[in-house]
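Participant: Quick one: structure below, then a few questions.
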Amino acid sequence: MSKAQRVLITGAGSGLGRALAFRYAEAGWRVACADIRMDRAEETVSLITGFGIGAMALQVDVGDDDSFETLRDLVLAAWDGVDLVINNAGVAAGGSVLNASTADWHWMLNINLLGVARGCRLFGPVLIEQGKGHIVNIASFAALAGAPGMACYAAAKAGVVAVSEGLRADLHGSGVGVSVVCPSFFQTNLLESFRGPDTTTRNIAASLMRDAKESAADIAEQIFQAVARGEFLILPSAEVRQRWRIKRWFPNLYFRKLMRAVQARRADP
């Protein structure tokens, strides 16, 4: 009987990370749940051990080199390898190019962009040595949307897409796969970490999450299936795929529709 596959998920203490932990545990994978809050990581582990799989809780600050290196060492000490790494941990921020503070830019880029880059840099060589494995980076449709009021968040997530594209090319022929996920708004607790110069973007984001058709579990299911198929750019809902097609083929129409939708949300968040 073959050994169960092993997945490491950062930000697994809540939201999409927890939903992904549930989905992979349900499929019989061993799951390493890493989070900046150990209590939340432990709670996720306690919830998924009912599936009868091996799971462990680990603490990590993806914005800190030493913390991420320690995470890698702990995972390899426990498992002597890993089959799937999901760089999911992230924070939220608002603010335009004109009013987002330099401090918010540094905070956002260090966690949401460099946090992903750290995961790729530290675990990529492990997977190359194994000759197999997969890295999944969680970006956002904000990376592609071109929406106002979320400059540093969108730029960081766009950077995640670019990092993933480069990593895909770097790993070509190695046996290691790469995926990048660009979900739109769904019901989660991402706004707990929100920073920004005003409340407008936060209020709009909260209303979009409230009205979202998909749950974190729905998005996790789409990711699970798409990764199994080996897809690179994962747009995990029909609405997001439609918006992306419109933007690619009819960019001016897309921009007009985008701005009308933003104005409507601002008028009635």
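Letters A, B, ... go to the chains of the structure tokens in the order shown; residues in each chain start at 1; ligands are counted from 1 in the same order.
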For Arg6 of chain A, work out the shell of residues within 7 Å, counting only C-alpha atoms and skipping chain neighbours fewer than 3 positions away, then give it as a list in words.
Facilitator: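 Counting only the stated atoms, we get Trp29, Arg30, Val31, Val82, Asp83 and Leu84 of chain A.
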Participant: Can you pull out every residue from segment 3-117 of chain A that DSSP, working from the backbone, puts in alpha helix (DSSP H), and format the result as JSON, numbers by chain?
Facilitator: {"A": [15, 16, 17, 18, 19, 20, 21, 22, 23, 24, 25, 26, 38, 39, 40, 41, 42, 43, 44, 45, 46, 47, 48, 65, 66, 67, 68, 69, 70, 71, 72, 73, 74, 75, 76, 77, 78, 79, 102, 103, 104, 105, 106, 107, 108, 114, 115, 116, 117]}
Participant: Return as a PyMOL selection string the full set of residues in segment 72-247 of chain A whose backbone-based DSSP assignment is strand (DSSP E).
Facilitator: chain A and resi 84-87+133-138+176-181+233-234
Participant: What lies within 6 Å of Asn137 of chain A using only C-alpha atoms, ignoring chain neighbours under 6 positions off, as a list in words?
Facilitator: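 Listing them by chain and then by number gives Ile86, Asn87 and Val180 of chain A.
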Participant: Near Gln5 of chain A, within 12 Å and counting only C-alpha atoms, which residues show up once chain neighbours fewer than 3 positions away are dropped, as a VMD selection string?
Facilitator: chain A and resid 2 8 24 to 25 27 to 32 53 to 55 79 to 85 132 to 134
Participant: Given the selection you just returned, output its residues as a file containing C-alpha atoms, formatted as an mmCIF file, in the first residue's frame.
Facilitator:
```
data_model
loop_
_atom_site.group_PDB
_atom_site.id
_atom_site.type_symbol
_atom_site.label_atom_id
_atom_site.label_comp_id
_atom_site.auth_asym_id
_atom_site.auth_seq_id
_atom_site.Cartn_x
_atom_site.Cartn_y
_atom_site.Cartn_z
ATOM 1 C CA SER A 2 1.432 3.379 -0.994
ATOM 2 C CA LEU A 8 1.842 21.758 3.663
ATOM 3 C CA TYR A 24 -7.000 17.304 1.404
ATOM 4 C CA ALA A 25 -7.626 15.467 4.670
ATOM 5 C CA ALA A 27 -8.897 12.808 0.295
ATOM 6 C CA GLY A 28 -6.566 10.964 2.684
ATOM 7 C CA TRP A 29 -3.552 13.279 2.554
ATOM 8 C CA ARG A 30 -1.366 13.966 5.560
ATOM 9 C CA VAL A 31 -1.676 17.678 6.287
ATOM 10 C CA ALA A 32 0.769 20.119 7.870
ATOM 11 C CA ILE A 53 -5.138 10.950 8.653
ATOM 12 C CA GLY A 54 -1.902 12.268 10.106
ATOM 13 C CA ALA A 55 -1.899 16.009 10.719
ATOM 14 C CA TRP A 79 8.055 13.690 6.806
ATOM 15 C CA ASP A 80 11.398 13.505 4.996
ATOM 16 C CA GLY A 81 9.728 15.159 2.011
ATOM 17 C CA VAL A 82 6.520 16.830 0.880
ATOM 18 C CA ASP A 83 4.308 16.339 -2.165
ATOM 19 C CA LEU A 84 2.383 19.610 -2.278
ATOM 20 C CA VAL A 85 3.134 23.072 -0.888
ATOM 21 C CA LYS A 132 8.173 15.316 -8.232
ATOM 22 C CA GLY A 133 5.727 17.519 -6.370
ATOM 23 C CA HIS A 134 3.621 20.618 -6.854
#
```
Participant: Could you tell me which of A:Ile234, A:Leu74, A:Val227, A:Met150 comes closest to Leu98 of chain A if we count only C-alpha atoms?
Facilitator: A:Met150
Participant: Residues at most 12 Å from Gly230 of chain A, counting only C-alpha atoms, excluding those fewer than 4 positions away in the same chain, as a compact mmCIF listing (two decimals) with N, CA and C atoms, in the first residue's frame?
Facilitator:
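This is the output file result-v5.txt:
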```txt
# COMPACT_ATOMS: atom_id res chain seq x y z
N GLY A 133 6.39 16.65 -7.34
CA GLY A 133 5.73 17.52 -6.37
C GLY A 133 5.03 18.66 -7.07
N HIS A 134 4.41 19.53 -6.28
CA HIS A 134 3.62 20.62 -6.85
C HIS A 134 3.62 21.78 -5.86
N ILE A 135 3.71 22.99 -6.40
CA ILE A 135 3.59 24.21 -5.60
C ILE A 135 2.36 24.98 -6.07
N VAL A 136 1.52 25.37 -5.13
CA VAL A 136 0.33 26.16 -5.42
C VAL A 136 0.45 27.49 -4.69
N ARG A 168 7.25 28.47 -12.85
CA ARG A 168 6.81 27.43 -13.80
C ARG A 168 7.87 27.21 -14.88
N GLY A 175 9.79 17.77 -13.31
CA GLY A 175 8.80 16.89 -12.69
C GLY A 175 7.98 17.58 -11.63
N VAL A 176 8.27 18.87 -11.39
CA VAL A 176 7.56 19.65 -10.36
C VAL A 176 6.58 20.60 -11.05
N GLY A 177 5.34 20.57 -10.62
CA GLY A 177 4.31 21.43 -11.20
C GLY A 177 4.08 22.69 -10.40
N VAL A 178 3.46 23.67 -11.03
CA VAL A 178 3.15 24.96 -10.39
C VAL A 178 1.74 25.36 -10.78
N SER A 179 1.00 25.90 -9.83
CA SER A 179 -0.31 26.49 -10.08
C SER A 179 -0.40 27.82 -9.35
N VAL A 180 -1.16 28.74 -9.91
CA VAL A 180 -1.47 29.99 -9.22
C VAL A 180 -2.98 30.18 -9.26
N ILE A 223 -10.04 24.31 -6.33
CA ILE A 223 -8.57 24.24 -6.33
C ILE A 223 -8.11 22.80 -6.33
N PHE A 224 -8.69 21.98 -5.47
CA PHE A 224 -8.32 20.57 -5.36
C PHE A 224 -8.44 19.87 -6.72
N GLN A 225 -9.54 20.10 -7.40
CA GLN A 225 -9.77 19.45 -8.69
C GLN A 225 -8.82 19.98 -9.76
N ALA A 226 -8.61 21.30 -9.79
CA ALA A 226 -7.76 21.89 -10.82
C ALA A 226 -6.30 21.50 -10.65
N ILE A 234 -5.52 29.02 -12.20
CA ILE A 234 -6.79 28.49 -11.69
C ILE A 234 -7.70 29.66 -11.34
```
Participant: So which residues touch segment 108-124 of chain A within 7 Å, counting only C-alpha atoms, skipping near sequence neighbours fewer than 6 positions away, as a PyMOL selection string?
Facilitator: chain A and resi 62-63+87+90-91+137+152-153+156-157+159-160
Participant: Compile the contact shell of Trp244 of chain A as a PyMOL selection string: residues with an atom at most 10 Å away, counting only C-alpha atoms, same-chain residues fewer than 3 positions apart removed.
Facilitator: chain A and resi 141+144-145+235+238-241+247-251+254
Participant: State, in Å with one decimal place, the distance from atom CA of Gly50 of chain A to atom CA of Ala12 of chain A.
Facilitator: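 Result for atom CA of Gly50 of chain A versus atom CA of Ala12 of chain A: 16.6 Å, one decimal.
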